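Structure, as structure tokens:
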Amino acid sequence: METITVNGTTKKERYEDLVPQLKALVSGEADPIANLANVSAALSMAFPEFLWVGFYLMREGELVLGPFQGSVACTRIKLGRGVCGTSASRRESIIVEDVQQFPGHIVCDPASRSEIVVPMSDHARVYGVLDVDSGSIATFDITDRKYLELIVSAIITPMLANGAKN
């Protein structure tokens, strides 16, 4: 059984505790769904202020719900729609301080107030996105972006090594 321990008190300290453990966890597992499930659970555990943590995976040109922690979510998101679809189509991380101010925001959970989405991609393809929501405005910042991008990079490496498809 795997154990993740996060002792830091600040956001940065919690990420610094978590990232090396997640890298070790995913490097030993070839199955991407298992890795995405464990990463979702670990992020949810380490950051109780996160309302929803999960992945959408690219399937036949749209994002389809993958492993997550949180309430029931939207099942499919078209590229270019909402924060997730926009992040995937631009291949860039997006931080939204107030989702109600984001044009075209897709309301999966009305309790969500801020969001960060990080694409999982190599330079040729997008394989999906990591989506994190909070019930508070302006939860996410450059610290979240930096560390969530490191986590996504750690996830995508074994996926590519095992011939990930989209």
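Numbering starts fresh at 1 for the residues of each chain in the structure tokens, the chains themselves are lettered A, B, ... in the order given, and ligands are numbered from 1 as they appear.
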Next on the checklist: Which residues are near A:Asp109? Cut-off 12 Å, only C-alpha atoms, ignore same chain within fewer than 2 positions. Put them as a ChimeraX atom specification.
Outcome noted: /A:51-52,70-74,99-100,105-107,111-115,132-135
Keeping only C-alpha atoms, write the selected residues as a CSV table (one decimal), in the first residue's frame.
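Result file is out.csv:
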```
chain,number,residue,atom,x,y,z
A,51,LEU,CA,-13.4,21.4,-3.9
A,52,TRP,CA,-12.8,19.1,-7.0
A,70,GLY,CA,-15.3,15.5,-5.7
A,71,SER,CA,-18.9,15.7,-6.6
A,72,VAL,CA,-20.4,14.4,-9.8
A,73,ALA,CA,-18.9,16.2,-12.8
A,74,CYS,CA,-19.6,17.1,-16.5
A,99,VAL,CA,-15.3,31.4,-12.7
A,100,GLN,CA,-18.5,33.5,-12.9
A,105,HIS,CA,-17.6,28.8,-18.1
A,106,ILE,CA,-19.3,25.4,-17.8
A,107,VAL,CA,-21.1,25.0,-14.5
A,111,ALA,CA,-20.3,25.7,-5.5
A,112,SER,CA,-17.1,26.2,-7.6
A,113,ARG,CA,-15.8,29.7,-7.5
A,114,SER,CA,-12.2,29.5,-8.8
A,115,GLU,CA,-10.3,27.1,-11.0
A,132,VAL,CA,-8.9,21.8,-9.9
A,133,ASP,CA,-11.8,23.8,-8.5
A,134,SER,CA,-12.2,25.7,-5.2
A,135,GLY,CA,-15.2,27.0,-3.4
```
Item to check | Sel. of strand (DSSP E or B) residues, chain A, as a PyMOL selection string | outcome: chain A and resi 50-59+62-69+76-78+94-96+114-121+126-134
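In terms of minimum interatomic distance to A:Gly28, A:Glu2 ranks closest within A:Leu130, A:Glu2, A:Ala88, A:Phe47, counting only C-alpha atoms.
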Item to check | All residues 7 Å or closer to stretch 33-43 of chain A, only C-alpha atoms, same chain fewer than 3 positions away omitted, as a ChimeraX atom specification | outcome: /A:4,22,26,29,46-47,53-54,67-69
Kindly export the residues of the current selection with N, CA and C atoms, as a CSV table (one decimal), in the first residue's frame.
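Ended up saving to selection.csv:
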```
chain,number,residue,atom,x,y,z
A,4,ILE,N,1.1,8.6,1.3
A,4,ILE,CA,1.5,9.9,1.0
A,4,ILE,C,1.4,10.7,2.3
A,22,LEU,N,4.7,12.0,-5.3
A,22,LEU,CA,3.9,11.7,-6.5
A,22,LEU,C,4.8,11.2,-7.6
A,26,VAL,N,4.1,7.6,-9.4
A,26,VAL,CA,3.8,7.4,-10.8
A,26,VAL,C,4.9,6.7,-11.6
A,29,GLU,N,4.5,2.9,-11.8
A,29,GLU,CA,3.3,2.4,-12.3
A,29,GLU,C,3.1,2.8,-13.8
A,46,ALA,N,-4.1,16.4,0.3
A,46,ALA,CA,-3.1,17.4,0.7
A,46,ALA,C,-3.7,18.8,0.8
A,47,PHE,N,-4.7,19.1,0.0
A,47,PHE,CA,-5.3,20.4,-0.1
A,47,PHE,C,-6.8,20.3,0.1
A,53,VAL,N,-10.9,17.8,-7.7
A,53,VAL,CA,-9.6,17.6,-8.3
A,53,VAL,C,-9.8,16.4,-9.3
A,54,GLY,N,-9.4,16.6,-10.5
A,54,GLY,CA,-9.6,15.4,-11.4
A,54,GLY,C,-9.0,15.7,-12.8
A,67,PRO,N,-10.4,10.0,-13.9
A,67,PRO,CA,-10.4,9.8,-12.5
A,67,PRO,C,-10.5,11.2,-11.8
A,68,PHE,N,-11.2,11.3,-10.7
A,68,PHE,CA,-11.4,12.5,-9.9
A,68,PHE,C,-11.8,12.3,-8.5
A,69,GLN,N,-11.7,13.3,-7.7
A,69,GLN,CA,-12.2,13.4,-6.3
A,69,GLN,C,-13.1,14.6,-6.2
```
Item to check | Distance criterion (only C-alpha atoms): nearest to A:Arg59 out of A:Ile77, A:Met159, A:Ala124, A:Leu148 | outcome: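 When distances to A:Arg59 are compared using only C-alpha atoms, the smallest one comes from A:Ile77.
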Next on the checklist: If I take atom CA of A:Ala138 and atom CA of A:Glu16, how far is one from the other in Å, to one decimal?
Outcome noted: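 Spanning atom CA of A:Ala138 to atom CA of A:Glu16 is a straight-line distance of 21.1 Å.
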Checklist entry - Got a sec to tell me which of chain A DSSP assigns to alpha helix (DSSP H), as a ChimeraX atom specification? => result /A:11-27,32-46,82-90,142-161
Residues from last step as file, C-alpha atoms, as a PDB file, in the first residue's frame:
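Full text of result27.pdb as output:
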```pdb
ATOM      1  CA  LYS A  11       0.798  25.942   0.194  1.00  0.00           C
ATOM      2  CA  LYS A  12       4.386  25.872  -1.091  1.00  0.00           C
ATOM      3  CA  GLU A  13       5.514  23.551   1.710  1.00  0.00           C
ATOM      4  CA  ARG A  14       2.626  21.158   1.044  1.00  0.00           C
ATOM      5  CA  TYR A  15       3.486  21.026  -2.665  1.00  0.00           C
ATOM      6  CA  GLU A  16       7.170  20.519  -1.849  1.00  0.00           C
ATOM      7  CA  ASP A  17       6.237  17.594   0.406  1.00  0.00           C
ATOM      8  CA  LEU A  18       3.863  16.149  -2.183  1.00  0.00           C
ATOM      9  CA  VAL A  19       5.654  16.480  -5.541  1.00  0.00           C
ATOM     10  CA  PRO A  20       8.584  14.093  -4.911  1.00  0.00           C
ATOM     11  CA  GLN A  21       6.233  11.497  -3.442  1.00  0.00           C
ATOM     12  CA  LEU A  22       3.933  11.703  -6.469  1.00  0.00           C
ATOM     13  CA  LYS A  23       6.889  11.452  -8.853  1.00  0.00           C
ATOM     14  CA  ALA A  24       8.014   8.269  -7.089  1.00  0.00           C
ATOM     15  CA  LEU A  25       4.471   6.899  -7.050  1.00  0.00           C
ATOM     16  CA  VAL A  26       3.777   7.363 -10.774  1.00  0.00           C
ATOM     17  CA  SER A  27       7.249   6.340 -11.928  1.00  0.00           C
ATOM     18  CA  PRO A  32      -2.200   5.931 -16.611  1.00  0.00           C
ATOM     19  CA  ILE A  33      -5.648   5.526 -15.025  1.00  0.00           C
ATOM     20  CA  ALA A  34      -4.101   4.186 -11.821  1.00  0.00           C
ATOM     21  CA  ASN A  35      -1.693   7.128 -11.746  1.00  0.00           C
ATOM     22  CA  LEU A  36      -4.412   9.705 -12.412  1.00  0.00           C
ATOM     23  CA  ALA A  37      -6.604   8.209  -9.683  1.00  0.00           C
ATOM     24  CA  ASN A  38      -3.784   8.304  -7.135  1.00  0.00           C
ATOM     25  CA  VAL A  39      -2.762  11.849  -8.057  1.00  0.00           C
ATOM     26  CA  SER A  40      -6.370  13.035  -7.720  1.00  0.00           C
ATOM     27  CA  ALA A  41      -6.651  11.436  -4.305  1.00  0.00           C
ATOM     28  CA  ALA A  42      -3.284  12.771  -3.110  1.00  0.00           C
ATOM     29  CA  LEU A  43      -4.027  16.346  -4.206  1.00  0.00           C
ATOM     30  CA  SER A  44      -7.454  16.203  -2.594  1.00  0.00           C
ATOM     31  CA  MET A  45      -5.931  14.914   0.640  1.00  0.00           C
ATOM     32  CA  ALA A  46      -3.083  17.438   0.698  1.00  0.00           C
ATOM     33  CA  GLY A  82     -15.150  26.307 -20.710  1.00  0.00           C
ATOM     34  CA  VAL A  83     -11.894  26.540 -18.816  1.00  0.00           C
ATOM     35  CA  CYS A  84     -10.891  22.922 -19.496  1.00  0.00           C
ATOM     36  CA  GLY A  85     -11.606  23.018 -23.219  1.00  0.00           C
ATOM     37  CA  THR A  86      -9.868  26.386 -23.554  1.00  0.00           C
ATOM     38  CA  SER A  87      -6.774  25.158 -21.694  1.00  0.00           C
ATOM     39  CA  ALA A  88      -6.600  22.049 -23.868  1.00  0.00           C
ATOM     40  CA  SER A  89      -7.030  23.945 -27.133  1.00  0.00           C
ATOM     41  CA  ARG A  90      -4.438  26.582 -26.171  1.00  0.00           C
ATOM     42  CA  ILE A 142       1.503  31.091  -9.622  1.00  0.00           C
ATOM     43  CA  THR A 143       2.553  28.650  -6.870  1.00  0.00           C
ATOM     44  CA  ASP A 144      -0.268  26.279  -7.799  1.00  0.00           C
ATOM     45  CA  ARG A 145       0.563  26.644 -11.474  1.00  0.00           C
ATOM     46  CA  LYS A 146       4.254  25.868 -10.939  1.00  0.00           C
ATOM     47  CA  TYR A 147       3.693  22.763  -8.843  1.00  0.00           C
ATOM     48  CA  LEU A 148       0.674  21.417 -10.713  1.00  0.00           C
ATOM     49  CA  GLU A 149       2.663  21.722 -13.948  1.00  0.00           C
ATOM     50  CA  LEU A 150       5.473  19.719 -12.288  1.00  0.00           C
ATOM     51  CA  ILE A 151       2.953  17.070 -11.248  1.00  0.00           C
ATOM     52  CA  VAL A 152       1.460  16.893 -14.752  1.00  0.00           C
ATOM     53  CA  SER A 153       4.959  16.572 -16.186  1.00  0.00           C
ATOM     54  CA  ALA A 154       5.609  13.648 -13.835  1.00  0.00           C
ATOM     55  CA  ILE A 155       2.349  12.004 -14.944  1.00  0.00           C
ATOM     56  CA  ILE A 156       2.861  12.469 -18.677  1.00  0.00           C
ATOM     57  CA  THR A 157       6.374  10.944 -18.693  1.00  0.00           C
ATOM     58  CA  PRO A 158       5.279   7.347 -17.945  1.00  0.00           C
ATOM     59  CA  MET A 159       2.227   7.777 -20.176  1.00  0.00           C
ATOM     60  CA  LEU A 160       4.450   8.655 -23.132  1.00  0.00           C
ATOM     61  CA  ALA A 161       6.909   5.901 -22.303  1.00  0.00           C
TER      62      ALA A 161
END
```
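When only C-alpha atoms are used to compute distances to A:Ser121, the closest of the residues A:Glu92, A:Glu62, A:Glu97, A:Asp141 turns out to be A:Glu92.
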Checklist entry - Which is closer to A:Pro48 than all the others in A:Val6, A:Val126, A:Ile137, A:Cys108, using only C-alpha atoms? => result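 Ranking A:Val6, A:Val126, A:Ile137, A:Cys108 by distance to A:Pro48, first place goes to A:Val6.
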Checklist entry - Quick one: distance from atom CA of A:Phe140 to atom CA of A:Ile116 in Å, one decimal? => result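 Rounded to one decimal, the two atoms are 6.5 Å apart.
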Checklist entry - Between A:Tyr56, A:Ile95, A:Asn7, A:Gly104, which is the closest to A:Arg76 once you count only C-alpha atoms? => result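 Comparing A:Tyr56, A:Ile95, A:Asn7, A:Gly104 against A:Arg76, the winner is A:Tyr56.
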Checklist entry - By how many Å are atom CA of A:Pro119 and atom CA of A:Asp131 apart? => result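 Going from atom CA of A:Pro119 over to atom CA of A:Asp131, I get 8.7 Å.
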